[in-house]
Every structure is written in C-alpha cells, then in structure tokens.
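Chemist: My structure is stored as target.pdb, with PDB, C-alpha atoms.
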ATOM      1  CA  MET A   1      -6.575 -12.983  -2.907
ATOM      2  CA  PHE A   2      -8.246 -10.710  -0.335
ATOM      3  CA  ALA A   3      -4.912  -9.426   0.982
ATOM      4  CA  ASN A   4      -3.804  -8.463  -2.519
ATOM      5  CA  TYR A   5      -7.219  -6.938  -3.236
ATOM      6  CA  LEU A   6      -6.785  -4.735  -0.170
ATOM      7  CA  ILE A   7      -3.300  -3.717  -1.311
ATOM      8  CA  GLY A   8      -4.617  -2.782  -4.754
ATOM      9  CA  LEU A   9      -7.642  -0.947  -3.342
ATOM     10  CA  ARG A  10      -5.747   1.030  -0.710
ATOM     11  CA  GLU A  11      -2.686   1.926  -2.799
ATOM     12  CA  GLY A  12      -4.725   2.430  -5.952
ATOM     13  CA  LEU A  13      -7.108   4.840  -4.250
ATOM     14  CA  GLU A  14      -4.222   6.864  -2.844
ATOM     15  CA  ALA A  15      -2.694   7.251  -6.301
ATOM     16  CA  ALA A  16      -6.090   7.898  -7.905
ATOM     17  CA  LEU A  17      -6.882  10.621  -5.362
ATOM     18  CA  VAL A  18      -3.562  12.280  -6.127
ATOM     19  CA  VAL A  19      -4.400  12.287  -9.840
ATOM     20  CA  SER A  20      -7.927  13.583  -9.117
ATOM     21  CA  ILE A  21      -6.536  16.457  -7.068
ATOM     22  CA  LEU A  22      -4.111  17.429  -9.829
ATOM     23  CA  ILE A  23      -6.870  17.312 -12.457
ATOM     24  CA  ALA A  24      -9.297  19.257 -10.276
ATOM     25  CA  TYR A  25      -6.728  21.998  -9.702
ATOM     26  CA  LEU A  26      -6.029  22.410 -13.430
ATOM     27  CA  VAL A  27      -9.767  22.580 -14.148
ATOM     28  CA  LYS A  28     -10.269  25.087 -11.344
ATOM     29  CA  VAL A  29      -7.573  27.486 -12.609
ATOM     30  CA  GLY A  30      -8.644  27.099 -16.236
ATOM     31  CA  ARG A  31      -5.562  25.211 -17.441
ATOM     32  CA  ARG A  32      -7.203  22.281 -19.164
ATOM     33  CA  ASP A  33      -4.464  22.473 -21.775
ATOM     34  CA  ARG A  34      -2.129  20.904 -19.223
ATOM     35  CA  LEU A  35      -4.333  17.857 -18.586
ATOM     36  CA  VAL A  36      -2.549  15.919 -21.341
ATOM     37  CA  VAL A  37       0.784  16.824 -19.789
ATOM     38  CA  VAL A  38      -0.332  15.542 -16.375
ATOM     39  CA  ALA A  39      -1.631  12.361 -18.025
ATOM     40  CA  GLY A  40       1.802  11.874 -19.579
ATOM     41  CA  GLY A  41       3.506  12.207 -16.202
ATOM     42  CA  VAL A  42       1.067   9.764 -14.615
ATOM     43  CA  ALA A  43       1.523   7.256 -17.459
ATOM     44  CA  LEU A  44       5.308   7.490 -17.090
ATOM     45  CA  ALA A  45       5.022   6.847 -13.334
ATOM     46  CA  VAL A  46       2.836   3.784 -13.940
ATOM     47  CA  ALA A  47       5.281   2.468 -16.545
ATOM     48  CA  VAL A  48       8.235   2.897 -14.182
ATOM     49  CA  SER A  49       6.348   1.127 -11.370
ATOM     50  CA  VAL A  50       5.454  -1.825 -13.621
ATOM     51  CA  ALA A  51       9.048  -1.991 -14.868
ATOM     52  CA  PHE A  52      10.291  -2.017 -11.263
ATOM     53  CA  GLY A  53       8.028  -4.952 -10.437
ATOM     54  CA  ALA A  54       9.224  -6.780 -13.564
ATOM     55  CA  LEU A  55      12.840  -6.109 -12.566
ATOM     56  CA  LEU A  56      12.259  -7.617  -9.123
ATOM     57  CA  THR A  57      10.737 -10.719 -10.693
ATOM     58  CA  TYR A  58      13.515 -11.044 -13.272
ATOM     59  CA  THR A  59      16.200 -10.613 -10.633
ATOM     60  CA  SER A  60      14.749 -13.257  -8.329
ATOM     61  CA  THR A  61      14.030 -15.812 -11.061
ATOM     62  CA  SER A  62      16.796 -15.301 -13.634
ATOM     63  CA  LEU A  63      19.758 -13.308 -12.329
ATOM     64  CA  LEU A  64      20.061 -15.255  -9.083
ATOM     65  CA  ALA A  65      20.919 -18.818  -9.987
ATOM     66  CA  ASP A  66      21.260 -20.582  -6.652
ATOM     67  CA  PHE A  67      18.517 -21.187  -4.092
ATOM     68  CA  ARG A  68      20.344 -19.467  -1.227
ATOM     69  CA  SER A  69      20.753 -16.192  -3.147
ATOM     70  CA  GLN A  70      17.105 -16.229  -4.184
ATOM     71  CA  GLU A  71      15.964 -16.711  -0.597
ATOM     72  CA  ILE A  72      18.217 -13.953   0.718
ATOM     73  CA  PHE A  73      17.066 -11.573  -2.028
ATOM     74  CA  GLY A  74      13.389 -12.381  -1.435
ATOM     75  CA  GLY A  75      13.704 -12.011   2.328
ATOM     76  CA  THR A  76      15.606  -8.742   2.073
ATOM     77  CA  MET A  77      13.156  -7.208  -0.410
ATOM     78  CA  SER A  78      10.197  -8.327   1.702
ATOM     79  CA  ALA A  79      11.707  -6.735   4.820
ATOM     80  CA  ILE A  80      12.301  -3.497   2.903
ATOM     81  CA  ALA A  81       8.697  -3.601   1.652
ATOM     82  CA  VAL A  82       7.452  -3.841   5.242
ATOM     83  CA  VAL A  83       9.490  -0.769   6.189
ATOM     84  CA  PHE A  84       8.165   1.221   3.239
ATOM     85  CA  VAL A  85       4.514   0.255   3.641
ATOM     86  CA  THR A  86       4.630   0.967   7.382
ATOM     87  CA  GLY A  87       6.050   4.420   6.725
ATOM     88  CA  MET A  88       3.452   5.007   4.015
ATOM     89  CA  VAL A  89       0.564   4.052   6.311
ATOM     90  CA  PHE A  90       1.697   6.498   8.987
ATOM     91  CA  TRP A  91       2.549   9.194   6.423
ATOM     92  CA  MET A  92      -0.926   8.999   4.916
ATOM     93  CA  ARG A  93      -2.567   9.164   8.350
ATOM     94  CA  ARG A  94      -0.495  12.218   9.253
ATOM     95  CA  THR A  95      -0.686  14.219   6.007
ATOM     96  CA  ALA A  96      -4.060  13.235   4.507
ATOM     97  CA  ARG A  97      -5.730  16.472   5.606
ATOM     98  CA  SER A  98      -3.081  18.683   3.995
ATOM     99  CA  MET A  99      -2.407  16.580   0.898
ATOM    100  CA  ARG A 100      -4.613  18.602  -1.428
ATOM    101  CA  ALA A 101      -3.152  21.954  -0.378
ATOM    102  CA  GLU A 102       0.377  20.590  -0.774
ATOM    103  CA  LEU A 103      -0.290  19.201  -4.258
ATOM    104  CA  ASP A 104      -2.053  22.398  -5.329
ATOM    105  CA  GLY A 105       0.987  24.400  -4.259
ATOM    106  CA  ARG A 106       3.396  22.154  -6.125
ATOM    107  CA  LEU A 107       1.351  22.212  -9.308
ATOM    108  CA  SER A 108       0.901  25.981  -9.132
ATOM    109  CA  SER A 109       4.670  26.436  -9.003
ATOM    110  CA  ALA A 110       5.156  23.884 -11.785
ATOM    111  CA  LEU A 111       2.725  25.720 -14.079
ATOM    112  CA  GLU A 112       4.880  28.825 -13.771
ATOM    113  CA  LEU A 113       8.052  26.900 -14.637
ATOM    114  CA  GLY A 114       6.770  25.166 -17.755
ATOM    115  CA  THR A 115       5.700  21.857 -19.278
ATOM    116  CA  PHE A 116       8.598  19.776 -17.976
ATOM    117  CA  ALA A 117       7.923  20.895 -14.405
ATOM    118  CA  VAL A 118       4.257  19.863 -14.708
ATOM    119  CA  VAL A 119       5.234  16.436 -16.052
ATOM    120  CA  LEU A 120       7.782  16.025 -13.258
ATOM    121  CA  THR A 121       5.250  17.009 -10.582
ATOM    122  CA  ALA A 122       2.677  14.506 -11.840
ATOM    123  CA  PHE A 123       5.345  11.824 -12.206
ATOM    124  CA  LEU A 124       6.798  12.242  -8.718
ATOM    125  CA  SER A 125       3.358  12.478  -7.089
ATOM    126  CA  VAL A 126       2.302   9.109  -8.499
ATOM    127  CA  ALA A 127       5.667   7.322  -8.754
ATOM    128  CA  ARG A 128       6.146   7.315  -4.986
ATOM    129  CA  GLU A 129       2.907   5.420  -4.520
ATOM    130  CA  GLY A 130       3.566   3.199  -7.525
ATOM    131  CA  LEU A 131       7.048   2.053  -6.531
ATOM    132  CA  GLU A 132       5.974   1.268  -2.969
ATOM    133  CA  THR A 133       2.956  -0.615  -4.286
ATOM    134  CA  ALA A 134       5.066  -2.620  -6.753
ATOM    135  CA  LEU A 135       7.522  -3.651  -4.034
ATOM    136  CA  PHE A 136       4.859  -4.564  -1.487
ATOM    137  CA  PHE A 137       2.726  -6.414  -4.033
ATOM    138  CA  TRP A 138       5.753  -8.383  -5.252
ATOM    139  CA  SER A 139       6.573  -9.350  -1.670
ATOM    140  CA  ALA A 140       2.961 -10.366  -0.992
ATOM    141  CA  VAL A 141       2.913 -12.532  -4.124
ATOM    142  CA  GLN A 142       6.156 -14.203  -3.071
ATOM    143  CA  ALA A 143       4.680 -14.909   0.359
ATOM    144  CA  ALA A 144       1.458 -16.278  -1.107
ATOM    145  CA  GLY A 145       3.377 -18.698  -3.301
ATOM    146  CA  SER A 146       0.905 -18.311  -6.167
ATOM    147  CA  THR A 147       1.074 -16.670  -9.574
ATOM    148  CA  THR A 148      -2.581 -16.158 -10.483
ATOM    149  CA  GLU A 149      -4.856 -15.387  -7.527
ATOM    150  CA  PRO A 150      -2.703 -12.533  -6.116
ATOM    151  CA  VAL A 151      -2.595 -10.858  -9.532
ATOM    152  CA  ILE A 152      -6.355 -11.201  -9.947
ATOM    153  CA  GLY A 153      -7.017  -9.822  -6.466
ATOM    154  CA  PHE A 154      -4.626  -6.919  -6.969
ATOM    155  CA  SER A 155      -6.114  -6.071 -10.377
ATOM    156  CA  LEU A 156      -9.639  -6.083  -8.956
ATOM    157  CA  GLY A 157      -8.486  -3.798  -6.138
ATOM    158  CA  ILE A 158      -6.937  -1.335  -8.592
ATOM    159  CA  ALA A 159     -10.080  -1.377 -10.746
ATOM    160  CA  THR A 160     -12.271  -0.735  -7.709
ATOM    161  CA  ALA A 161     -10.020   2.146  -6.640
ATOM    162  CA  VAL A 162     -10.189   3.785 -10.076
ATOM    163  CA  VAL A 163     -13.990   3.551 -10.183
ATOM    164  CA  LEU A 164     -14.309   4.810  -6.619
ATOM    165  CA  ALA A 165     -11.960   7.740  -7.268
ATOM    166  CA  TRP A 166     -13.963   8.684 -10.362
ATOM    167  CA  LEU A 167     -17.234   8.590  -8.422
ATOM    168  CA  LEU A 168     -15.666  10.727  -5.686
ATOM    169  CA  TYR A 169     -14.442  13.201  -8.293
ATOM    170  CA  ARG A 170     -17.908  13.433  -9.810
ATOM    171  CA  ARG A 171     -19.369  13.615  -6.283
ATOM    172  CA  SER A 172     -21.594  10.659  -7.120
ATOM    173  CA  VAL A 173     -20.671   9.013  -3.829
ATOM    174  CA  ARG A 174     -19.480  10.211  -0.438
ATOM    175  CA  LEU A 175     -16.794   8.374   1.488
ATOM    176  CA  ASN A 176     -15.385   9.032   4.928
ATOM    177  CA  LEU A 177     -11.761   8.944   3.821
ATOM    178  CA  ALA A 178     -10.390   9.231   7.350
ATOM    179  CA  ARG A 179     -12.248   6.089   8.394
ATOM    180  CA  PHE A 180     -11.368   4.330   5.124
ATOM    181  CA  PHE A 181      -7.639   4.977   5.446
ATOM    182  CA  THR A 182      -7.709   4.107   9.154
ATOM    183  CA  TRP A 183      -9.177   0.647   8.717
ATOM    184  CA  THR A 184      -7.409  -0.200   5.472
ATOM    185  CA  GLY A 185      -4.199   0.990   7.122
ATOM    186  CA  ALA A 186      -4.822  -1.434   9.987
ATOM    187  CA  GLY A 187      -5.422  -4.180   7.440
ATOM    188  CA  LEU A 188      -2.133  -3.410   5.681
ATOM    189  CA  ILE A 189      -0.303  -3.569   9.020
ATOM    190  CA  VAL A 190      -1.660  -7.099   9.536
ATOM    191  CA  ILE A 191      -0.593  -8.053   6.002
ATOM    192  CA  ALA A 192       2.823  -6.453   6.534
ATOM    193  CA  ALA A 193       3.298  -8.528   9.702
ATOM    194  CA  GLY A 194       2.722 -11.670   7.648
ATOM    195  CA  VAL A 195       5.139 -10.478   4.954
ATOM    196  CA  LEU A 196       7.754  -9.830   7.657
ATOM    197  CA  SER A 197       7.263 -13.359   8.985
ATOM    198  CA  TYR A 198       7.754 -14.660   5.453
ATOM    199  CA  ALA A 199      10.903 -12.532   5.098
ATOM    200  CA  ILE A 200      12.338 -14.046   8.277
ATOM    201  CA  HIS A 201      11.647 -17.552   6.962
ATOM    202  CA  ASP A 202      13.371 -16.725   3.668
ATOM    203  CA  LEU A 203      16.410 -15.377   5.488
ATOM    204  CA  GLN A 204      16.457 -18.516   7.620
ATOM    205  CA  GLU A 205      16.405 -20.700   4.523
ATOM    206  CA  GLY A 206      19.189 -18.544   3.077
ATOM    207  CA  GLY A 207      21.306 -19.121   6.172
ATOM    208  CA  VAL A 208      21.346 -15.485   7.283
ATOM    209  CA  ILE A 209      19.248 -16.191  10.393
ATOM    210  CA  GLY A 210      19.431 -19.437  12.341
ATOM    211  CA  GLY A 211      16.676 -21.476  13.944
ATOM    212  CA  LEU A 212      15.014 -22.817  10.807
ATOM    213  CA  ASN A 213      14.172 -26.094  12.530
ATOM    214  CA  THR A 214      13.236 -24.520  15.877
ATOM    215  CA  LEU A 215       9.445 -24.307  15.712
ATOM    216  CA  ALA A 216       7.229 -22.157  17.879
ATOM    217  CA  PHE A 217       4.291 -24.382  16.945
ATOM    218  CA  ASP A 218       3.251 -26.971  14.396
ATOM    219  CA  VAL A 219      -0.480 -27.217  13.671
ATOM    220  CA  SER A 220      -0.167 -28.798  10.237
ATOM    221  CA  GLU A 221      -2.317 -31.747  11.348
ATOM    222  CA  GLN A 222      -5.110 -29.425  12.487
ATOM    223  CA  ILE A 223      -4.748 -26.857   9.667
ATOM    224  CA  SER A 224      -3.833 -28.489   6.392
ATOM    225  CA  PRO A 225      -2.065 -26.112   3.976
ATOM    226  CA  GLY A 226      -4.160 -27.568   1.149
ATOM    227  CA  SER A 227      -7.518 -26.944   2.847
ATOM    228  CA  TRP A 228      -9.702 -23.972   2.033
ATOM    229  CA  TYR A 229      -9.268 -22.482   5.503
ATOM    230  CA  GLY A 230      -5.511 -23.083   5.369
ATOM    231  CA  SER A 231      -5.370 -21.259   2.022
ATOM    232  CA  LEU A 232      -7.542 -18.475   3.448
ATOM    233  CA  LEU A 233      -5.262 -17.984   6.463
ATOM    234  CA  LYS A 234      -2.190 -17.960   4.251
ATOM    235  CA  GLY A 235      -3.743 -15.621   1.689
ATOM    236  CA  VAL A 236      -4.929 -13.053   4.249
ATOM    237  CA  PHE A 237      -2.416 -13.341   7.087
ATOM    238  CA  ASN A 238       0.468 -15.260   5.452
ATOM    239  CA  PHE A 239      -0.077 -17.823   8.203
ATOM    240  CA  THR A 240       1.895 -21.061   7.975
ATOM    241  CA  PRO A 241       1.047 -24.133  10.098
ATOM    242  CA  GLN A 242       4.750 -24.608  10.835
ATOM    243  CA  THR A 243       6.075 -21.349  12.255
ATOM    244  CA  THR A 244       9.576 -20.950  13.612
ATOM    245  CA  VAL A 245      10.364 -19.174  16.860
ATOM    246  CA  ALA A 246      12.087 -16.354  14.964
ATOM    247  CA  GLN A 247       9.018 -15.852  12.765
ATOM    248  CA  ALA A 248       6.683 -15.763  15.762
ATOM    249  CA  ILE A 249       8.907 -13.279  17.595
ATOM    250  CA  ALA A 250       9.211 -11.014  14.531
ATOM    251  CA  TRP A 251       5.452 -11.093  13.863
ATOM    252  CA  THR A 252       4.588 -10.219  17.467
ATOM    253  CA  ALA A 253       7.362  -7.638  17.861
ATOM    254  CA  TYR A 254       6.080  -5.863  14.759
ATOM    255  CA  ILE A 255       2.309  -5.966  14.971
ATOM    256  CA  VAL A 256       1.842  -5.173  18.688
ATOM    257  CA  PRO A 257       3.757  -1.857  18.874
ATOM    258  CA  VAL A 258       2.919  -0.729  15.322
ATOM    259  CA  MET A 259      -0.807  -1.325  15.751
ATOM    260  CA  ALA A 260      -0.739   0.364  19.169
ATOM    261  CA  VAL A 261       1.036   3.447  17.843
ATOM    262  CA  PHE A 262      -1.222   3.546  14.784
ATOM    263  CA  PHE A 263      -4.419   3.714  16.834
ATOM    264  CA  LEU A 264      -3.189   5.469  19.968
ATOM    265  CA  GLY A 265      -0.458   7.737  18.615
ATOM    266  CA  HIS A 266      -2.796  10.493  17.524
ATOM    267  CA  ARG A 267      -4.570  10.526  20.881
ATOM    268  CA  LEU A 268      -1.265  10.642  22.757
ATOM    269  CA  ARG A 269      -0.087  13.595  20.663
ATOM    270  CA  SER A 270      -3.282  15.635  20.747
ATOM    271  CA  GLY A 271      -4.804  14.544  24.040
ATOM    272  CA  GLN A 272      -8.039  13.745  22.189
ATOM    273  CA  PRO A 273      -9.675  10.421  21.281
ATOM    274  CA  SER A 274      -8.283   8.979  18.077
ATOM    275  CA  GLN A 275     -11.710   7.987  16.775
ATOM    276  CA  PRO A 276     -12.235   8.702  13.068
ATOM    277  CA  SER A 277     -14.537  11.616  12.391
ATOM    278  CA  GLN A 278     -18.174  10.972  11.671
ATOM    279  CA  PRO A 279     -19.484  11.157   8.110
ATOM    280  CA  GLY A 280     -20.759  14.689   8.566
ATOM    281  CA  GLU A 281     -17.456  16.023   9.906
ATOM    282  CA  PRO A 282     -14.344  17.052   7.969
ATOM    283  CA  SER A 283     -12.134  14.028   7.403
ATOM    284  CA  GLY A 284      -9.254  12.889   5.245
ATOM    285  CA  PRO A 285      -8.204  14.854   2.187
ATOM    286  CA  PRO A 286     -10.506  17.797   1.476
ATOM    287  CA  PRO A 287     -13.311  16.980  -0.954
ATOM    288  CA  VAL A 288     -12.106  16.809  -4.538
ATOM    289  CA  PRO A 289     -13.810  19.514  -6.612
ATOM    290  CA  SER A 290     -16.121  18.473  -9.402
ATOM    291  CA  GLY A 291     -15.267  19.132 -13.000
ATOM    292  CA  SER A 292     -16.878  22.577 -13.159
ATOM    293  CA  THR A 293     -14.836  25.757 -13.037
ATOM    294  CA  SER A 294     -17.424  27.688 -11.071
TER     295      SER A 294
END
As structure tokens, what does this structure read like?

Modeler:
Amino acid sequence: MFANYLIGLREGLEAALVVSILIAYLVKVGRRDRLVVVAGGVALAVAVSVAFGALLTYTSTSLLADFRSQEIFGGTMSAIAVVFVTGMVFWMRRTARSMRAELDGRLSSALELGTFAVVLTAFLSVAREGLETALFFWSAVQAAGSTTEPVIGFSLGIATAVVLAWLLYRRSVRLNLARFFTWTGAGLIVIAAGVLSYAIHDLQEGGVIGGLNTLAFDVSEQISPGSWYGSLLKGVFNFTPQTTVAQAIAWTAYIVPVMAVFFLGHRLRSGQPSQPSQPGEPSGPPPVPSGSTS
C-alpha cells in the first residue's frame, strides 16, 4: 500500500501544482471567467487517464485469452511504465524551477487564441501526468497482485496531494518542493526497479526471456510470502523470495546507475554539490500565488 500511496502522492501533487499554477495565473491577470474552461480541460484529462487505466485492465483480463499473451502484455506494459516514470522523475528534477514560467507563457498565448486553446492547454498540461500515472499505477497493481490495498493506498495519496496543493495555494503551509521531489523521486526509482523485476518475470513466464527456473536466490523459508514482513517487502519493493537471475540482474542494472545519476548528475553538470536547498532558499517551482489579484 505504501508504494502506491507514494505514487499517488508524488504524481498527484505534480498534477495539482500544474492546476494551481494555471488558476493562479488566471486570477493574477484578471481572467476568472476562464477558470471554468480550465476546469473543463482538467476534468477531460482526468477522464482520459481513468479511461486509459480501464483500457489496460480490460485488455489484460478480457481481450487476451491465453496466459502467455497476458504475461507478455503485462511485462511489456510494466517495462514501458518504468521508462516513462524514470523520464518523468528526471524531467521534473530538471524543469521544476522553470515550470511556472513555462505554463504561464503557454496559458498567456492560449488566452489570445480563444476558449479551445485554453481547454487544450489545461488538458495537455494535466493529461501527460495523468497518463503516466495511470500506466505506472496499473503496473504497480499488477506487481502487487492485489485488487484492494493498492487502490486504497493510491487514493489516499491522491487525496493527500490535493489537500497539500490547496494548502500551498492558500499559503497555509510551506514545503521545500526541491527536497520533496528529490526524495519522492528516489522512492519512485526504487519502486520502478521492483516493477522492472516484475516485468522480467512476466516476460519469462510468457517465454520471451529464458531462465525462469534459474534462481539467483530462494529465501522463501526465511521470508514467507504470507507473512506481514513478506507482504511489506512485496508491497514496497516488489520483492519476491524466489528471484531469478534475470530479475536480479535487471534490478541491479537499473537501480545502481539510475540512482547514481539522479543524485550525482546535477553536481557533475554544475560542479556544485547536489544537496537540496534549505527551506529558506529558493527551491522547486516558484511559490504559487495566493488567490488575490494584488
């Protein structure tokens, strides 16, 4: 549940911040009449994201009749989800500081073009986050092998993100966004490594990759899958007591370089320590303006 809560919190806050920035800009320039239009674009993006998740579920459970096809589809989609979420984590780390200025510029141009352009801007700004979230969440649920706890965790994460974004908008709380996105990004990388391991196992069961019976280790006697700690390890890290050599290689080959680049890449590029800024220093997306027009 915790892994899915983190997905919902991280992805939900990104989308909520985008919406907050769009709303704040319209309030700032005195175009409150376009708030309904932006809401329509956001609602459409959410609907498309939910429909995409439903389509993935329907495809894997209904359209694909045989076990082998289901495993290949699940493994392929999970691998694609890892690629997308990895790119998103690095994109957010790179562009967080300029996100508000970029969105303000897009919305300013859209206001000049008309209603449809405003709807399209709001839709595209949120749909990108929504589609990636739907794919990654679906893959995480498949890996967890449960139908209730992941949904509950994800829903709680989304709810927390919405409340937190509202408090940030009202300036009721202060949050070091650079530090938040750094550590939640690291958490998503760990989760993505587990999803990749699950994808490899699916592809092995589908016959695409060999070595299904070649185990790197088997600790099922020490860590029972039905125990609370076994469930915790699977829910957070997608850990399985019986891990194949291919899974272990994929997990290590992903998490070691990606985590190293994530934390050290900025320092290597700038020649400065990659430590997140302190609470009193500028960090992350610029502060979202409050609802006043002054």

Chemist: Got a sec: who's within 7 Å of range 253-262 of chain A, counting all atoms listed in the file, leaving out chain neighbours fewer than 6 positions off, as a list in words?

Modeler: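 In the requested format, the answer is Ile189, Val190 and Ala193 of chain A.
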
Chemist: Would you mind exporting the chosen residues as a PDB file, in the coordinates of the input, restricted to C-alpha atoms?

Modeler:
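Once written, out01.pdb looks like this:
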ATOM      1  CA  ILE A 189      -0.303  -3.569   9.020  1.00  0.00           C
ATOM      2  CA  VAL A 190      -1.660  -7.099   9.536  1.00  0.00           C
ATOM      3  CA  ALA A 193       3.298  -8.528   9.702  1.00  0.00           C
TER       4      ALA A 193
END

Chemist: To one decimal place in Å, what is the distance between CA of Ile152 in chain A and CA of Phe67 in chain A?

Modeler: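 One can read the CA of Ile152 in chain A to CA of Phe67 in chain A distance as 27.4 Å.
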
Chemist: From the list A:Asp66, A:Glu71, A:Asp104, A:Asp202, which residue is nearest Val19 in chain A when using only C-alpha atoms?

Modeler: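 For Val19 in chain A, the nearest of the given residues is A:Asp104.
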
Chemist: To one decimal place in Å, what is the distance between CA of Arg174 in chain A and CA of Ala24 in chain A?

Modeler: 16.8 Å

Chemist: If I wrap all listed atoms of range 128-138 of chain A in a box with edges along x, y and z and add 5 Å on each side, what are its centre and edge lengths in Å to one decimal, as JSON?

Modeler:
{"center_x": 5.1, "center_y": -0.5, "center_z": -4.5, "size_x": 14.8, "size_y": 25.7, "size_z": 16.0}

Chemist: Quick one, how far is CA of Val36 in chain A from CA of Ala134 in chain A?

Modeler: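 It comes out at 24.8 Å.
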